[in-house]
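Worksheet for the structure shown next.
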Amino acid sequence: MTESPGAIFPTFCHISDYGERGYQDLHHLVALSQPLNLWAPSSVLIRQFSRITPKEFIRYVDQGFIRVIARDEWLRDQRFRDAHPWPHASWDAEIDDALRSIMRNDEAQEESVRRVLSAPPAEGEAAAVRSLTLDPRQVAYWNKAFRSKDAERKIPVGILTAARRQADGGEFEIAKMILRAGYNHGAAFDLSGATLPLFLSPSDPRFIRLINHAPAAGEGPGGRPPASTAEPSQQRMAELAGQLIQVLHHLDIHAGPRSLDAFIAGEGRQELVAWINAVCEQYRYHPSRDIDGLVIRELREQLGRARLRGPLGRLSARGSLPTVVGVVDLVATAADFVHSPGQSLNTVGMAAGVFSVGNGLAQQMGWLPSTFDGPQWPFLYAYSSRAKKSRLRRMIYALSMYRP
């Protein structure tokens, strides 16, 4: 079992509710989460639409970047999956055999650290029937939302599609399907232990508001679905995470040659997770009006005041010019190191080169690193390299073109 980096910014996504778009966003979701809890992902859609390859997906699960949660039959039973009415449920030997193996390996572990977790049987339908029976006003309430002209703006498309399949069964069946999904989604989120859900559609927060305003005879098993217990601060964090996803979309457009796998597996993702966690902690209790457009504003401000500095900054300020002797000394010393890697750098020779080269020439040649006091993750994400003067200007320009 690969050692997991732990839960730093755990998120949850019911990814298949969003169809192709959800899987096209998968690399964004992984990039900002630690870990990303996925509910019953479709291996078919991963293979068809994600920028993350099947091998990378399995590696990210093994490393604890992604955590898969689903009903037991979804994770174990190939015949169940292949006979499922949803065409994207089919079993994929490369992905699903590996997930099943990881699940079996982790079964002796505590639930909270299992990388693939089998969820208990769904109780959403029974809870929905109890809720509708206790307060029949909910039948009319949910059918009004279902039949409204802007239903797709209020109810997530996956839930709406399932309810439409029950339209011939009458109003009670329609309301039951919507509430059933609400209960099951809430229970899955609770099981994941995530800090916040990832919303990929504007209908998600509106659906939670619908649940919160629904008539209810009582809370708990016979009252509203668990989604209604989400705190306002949690919803603000979900909004901020959604803003970051849109910024990552924008950076995809302006990206240069890069490796997303190198970003996800390296320090770039670690810094991004810490960055968005800090932003959420700072603003989670602020009024909602302060949250609109906050992520792009924060990033622009941090990069706008960031500075690149090199170890020769003070020497460069003197305006001394590089000498031929200094350049030759520096390059010769470095060449000696390359030819004799077992020896340490000639400190005296390198120091002479540094003092002779003043004016930052050694830094421009690539021998000396620059220090950057701003966030590095946008550069590592978009360019697979750290900030440099030209990339800083390029990044600031790209972010200036962003429109929420």
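Residues are named by chain letter and number: chains run A, B, ... in the order of the structure tokens, numbers start at 1 in each chain, and ligands are numbered from 1 in the order shown.
The residues of region 65-174 of chain A that DSSP assigns to strand (DSSP E or B) on this backbone come out as Ile66, Arg67, Val68, Ile69, Ala70, Arg71, Val116, Leu117, Ser118 and Ala119 of chain A.
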Write to file, as a PDB file, in the first residue's frame, the residues of the selection just made, with N, CA, C and O atoms.
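Written out: out.pdb:
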```pdb
ATOM      1  N   ILE A  66      -6.712  10.332  -5.310  1.00  0.00           N
ATOM      2  CA  ILE A  66      -8.128  10.097  -5.609  1.00  0.00           C
ATOM      3  C   ILE A  66      -8.616   8.965  -4.716  1.00  0.00           C
ATOM      4  O   ILE A  66      -7.900   7.989  -4.482  1.00  0.00           O
ATOM      5  N   ARG A  67      -9.829   9.105  -4.244  1.00  0.00           N
ATOM      6  CA  ARG A  67     -10.469   8.053  -3.443  1.00  0.00           C
ATOM      7  C   ARG A  67     -11.797   7.714  -4.108  1.00  0.00           C
ATOM      8  O   ARG A  67     -12.586   8.613  -4.409  1.00  0.00           O
ATOM      9  N   VAL A  68     -12.042   6.448  -4.355  1.00  0.00           N
ATOM     10  CA  VAL A  68     -13.253   6.003  -5.035  1.00  0.00           C
ATOM     11  C   VAL A  68     -14.212   5.386  -4.021  1.00  0.00           C
ATOM     12  O   VAL A  68     -13.816   4.519  -3.222  1.00  0.00           O
ATOM     13  N   ILE A  69     -15.467   5.840  -4.057  1.00  0.00           N
ATOM     14  CA  ILE A  69     -16.511   5.320  -3.172  1.00  0.00           C
ATOM     15  C   ILE A  69     -17.700   4.920  -4.043  1.00  0.00           C
ATOM     16  O   ILE A  69     -18.087   5.665  -4.949  1.00  0.00           O
ATOM     17  N   ALA A  70     -18.263   3.755  -3.788  1.00  0.00           N
ATOM     18  CA  ALA A  70     -19.415   3.293  -4.569  1.00  0.00           C
ATOM     19  C   ALA A  70     -20.085   2.137  -3.834  1.00  0.00           C
ATOM     20  O   ALA A  70     -19.538   1.599  -2.862  1.00  0.00           O
ATOM     21  N   ARG A  71     -21.264   1.754  -4.310  1.00  0.00           N
ATOM     22  CA  ARG A  71     -21.941   0.574  -3.763  1.00  0.00           C
ATOM     23  C   ARG A  71     -21.090  -0.664  -4.046  1.00  0.00           C
ATOM     24  O   ARG A  71     -20.326  -0.709  -5.022  1.00  0.00           O
ATOM     25  N   VAL A 116     -10.238   2.809  -1.769  1.00  0.00           N
ATOM     26  CA  VAL A 116     -11.471   2.420  -2.464  1.00  0.00           C
ATOM     27  C   VAL A 116     -12.407   1.884  -1.394  1.00  0.00           C
ATOM     28  O   VAL A 116     -12.087   0.922  -0.697  1.00  0.00           O
ATOM     29  N   LEU A 117     -13.561   2.507  -1.265  1.00  0.00           N
ATOM     30  CA  LEU A 117     -14.460   2.216  -0.146  1.00  0.00           C
ATOM     31  C   LEU A 117     -15.819   1.758  -0.654  1.00  0.00           C
ATOM     32  O   LEU A 117     -16.458   2.444  -1.459  1.00  0.00           O
ATOM     33  N   SER A 118     -16.251   0.613  -0.158  1.00  0.00           N
ATOM     34  CA  SER A 118     -17.578   0.090  -0.475  1.00  0.00           C
ATOM     35  C   SER A 118     -18.602   0.733   0.458  1.00  0.00           C
ATOM     36  O   SER A 118     -18.490   0.644   1.683  1.00  0.00           O
ATOM     37  N   ALA A 119     -19.606   1.390  -0.144  1.00  0.00           N
ATOM     38  CA  ALA A 119     -20.635   2.070   0.640  1.00  0.00           C
ATOM     39  C   ALA A 119     -21.748   1.099   1.011  1.00  0.00           C
ATOM     40  O   ALA A 119     -22.027   0.146   0.280  1.00  0.00           O
TER      41      ALA A 119
END
```
Contact table region 116-223 of chain A vs region 6-26 of chain A, cut-off 12 Å, shortest pair per residue, only C-alpha atoms, as JSON lines:
```
{"residue": "A:Ile155", "atom": "CA", "partner": "A:Asp17", "partner_atom": "CA", "distance": 10.9}
{"residue": "A:Pro156", "atom": "CA", "partner": "A:Asp17", "partner_atom": "CA", "distance": 7.2}
{"residue": "A:Val157", "atom": "CA", "partner": "A:Asp17", "partner_atom": "CA", "distance": 6.6}
{"residue": "A:Gly158", "atom": "CA", "partner": "A:Asp17", "partner_atom": "CA", "distance": 4.5}
{"residue": "A:Ile159", "atom": "CA", "partner": "A:Asp17", "partner_atom": "CA", "distance": 7.4}
{"residue": "A:Leu160", "atom": "CA", "partner": "A:Asp17", "partner_atom": "CA", "distance": 9.8}
{"residue": "A:Thr161", "atom": "CA", "partner": "A:Asp17", "partner_atom": "CA", "distance": 9.6}
{"residue": "A:Ala162", "atom": "CA", "partner": "A:Asp17", "partner_atom": "CA", "distance": 10.3}
{"residue": "A:Ala181", "atom": "CA", "partner": "A:Asp17", "partner_atom": "CA", "distance": 10.7}
{"residue": "A:Gly182", "atom": "CA", "partner": "A:His14", "partner_atom": "CA", "distance": 11.6}
{"residue": "A:Asn184", "atom": "CA", "partner": "A:His14", "partner_atom": "CA", "distance": 10.6}
{"residue": "A:His185", "atom": "CA", "partner": "A:His14", "partner_atom": "CA", "distance": 7.6}
{"residue": "A:Gly186", "atom": "CA", "partner": "A:His14", "partner_atom": "CA", "distance": 10.4}
{"residue": "A:Ala187", "atom": "CA", "partner": "A:Phe12", "partner_atom": "CA", "distance": 11.7}
{"residue": "A:Ala188", "atom": "CA", "partner": "A:His14", "partner_atom": "CA", "distance": 8.8}
{"residue": "A:Phe189", "atom": "CA", "partner": "A:Phe12", "partner_atom": "CA", "distance": 6.5}
{"residue": "A:Asp190", "atom": "CA", "partner": "A:Phe12", "partner_atom": "CA", "distance": 9.5}
{"residue": "A:Leu191", "atom": "CA", "partner": "A:Phe12", "partner_atom": "CA", "distance": 10.1}
{"residue": "A:Ser192", "atom": "CA", "partner": "A:Phe12", "partner_atom": "CA", "distance": 7.1}
{"residue": "A:Gly193", "atom": "CA", "partner": "A:Pro10", "partner_atom": "CA", "distance": 7.5}
{"residue": "A:Ala194", "atom": "CA", "partner": "A:Pro10", "partner_atom": "CA", "distance": 4.7}
{"residue": "A:Thr195", "atom": "CA", "partner": "A:Pro10", "partner_atom": "CA", "distance": 5.5}
{"residue": "A:Leu196", "atom": "CA", "partner": "A:Thr11", "partner_atom": "CA", "distance": 5.2}
{"residue": "A:Pro197", "atom": "CA", "partner": "A:Phe12", "partner_atom": "CA", "distance": 4.7}
{"residue": "A:Leu198", "atom": "CA", "partner": "A:Cys13", "partner_atom": "CA", "distance": 5.4}
{"residue": "A:Phe199", "atom": "CA", "partner": "A:Cys13", "partner_atom": "CA", "distance": 7.5}
{"residue": "A:Leu200", "atom": "CA", "partner": "A:Gly22", "partner_atom": "CA", "distance": 7.2}
{"residue": "A:Ser201", "atom": "CA", "partner": "A:Tyr18", "partner_atom": "CA", "distance": 7.9}
{"residue": "A:Pro202", "atom": "CA", "partner": "A:Tyr18", "partner_atom": "CA", "distance": 11.5}
{"residue": "A:Ser203", "atom": "CA", "partner": "A:Tyr18", "partner_atom": "CA", "distance": 10.8}
{"residue": "A:Asp204", "atom": "CA", "partner": "A:Asp17", "partner_atom": "CA", "distance": 10.4}
```
_What's the separation between CA of Arg269 (chain A) and CA of Gly242 (chain A), in Å to one decimal place?_
16.6 Å
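Taking only C-alpha atoms into account, Trp86 (chain A) lies nearest to A:Leu45 out of the set A:Met103, A:Leu45, A:Arg130, A:Val113.
Note that CA of Ser400 (chain A) and CA of Ala262 (chain A) are 26.2 Å apart.
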*Nearest residue to Ala151 (chain A) from the set A:Ala108, A:Arg206, A:Asp135, A:Leu380 (distances using only C-alpha atoms)*: A:Arg206
*Mind checking which residues fall within 12 Å of region 88-97 of chain A, counting only C-alpha atoms, ignoring those fewer than 3 positions away in the same chain, and posting them as a PyMOL selection string?*
chain A and resi 16-17+19-20+40-49+53-62+68+70+73-85+100-104+116
*asked:* I need the residues of region 114-290 of chain A that end up classed as helix (DSSP H, G or I) by DSSP on the backbone, written out as a ChimeraX atom specification.
replied: /A:124-134,137-147,151-154,157-164,167-169,171-192,203-213,220-222,226-229,232-254,260-265,267-283,288-290
_Distance query region 286-300 of chain A at most 12 Å, only C-alpha atoms, self and fewer than 4 positions along chain excluded, as a ChimeraX atom specification_ = /A:232-248,250-251,272,275-282,304-306,374-378,392-393,395-404
*May I ask which of the residues A:Arg307, A:His254, A:His27, A:Arg180 is the closest one to Ile211 (chain A), counting only C-alpha atoms?*
A:Arg180
*In Å to one decimal, how far is CA of Gln34 (chain A) from CA of Arg284 (chain A)?*
18.4 Å
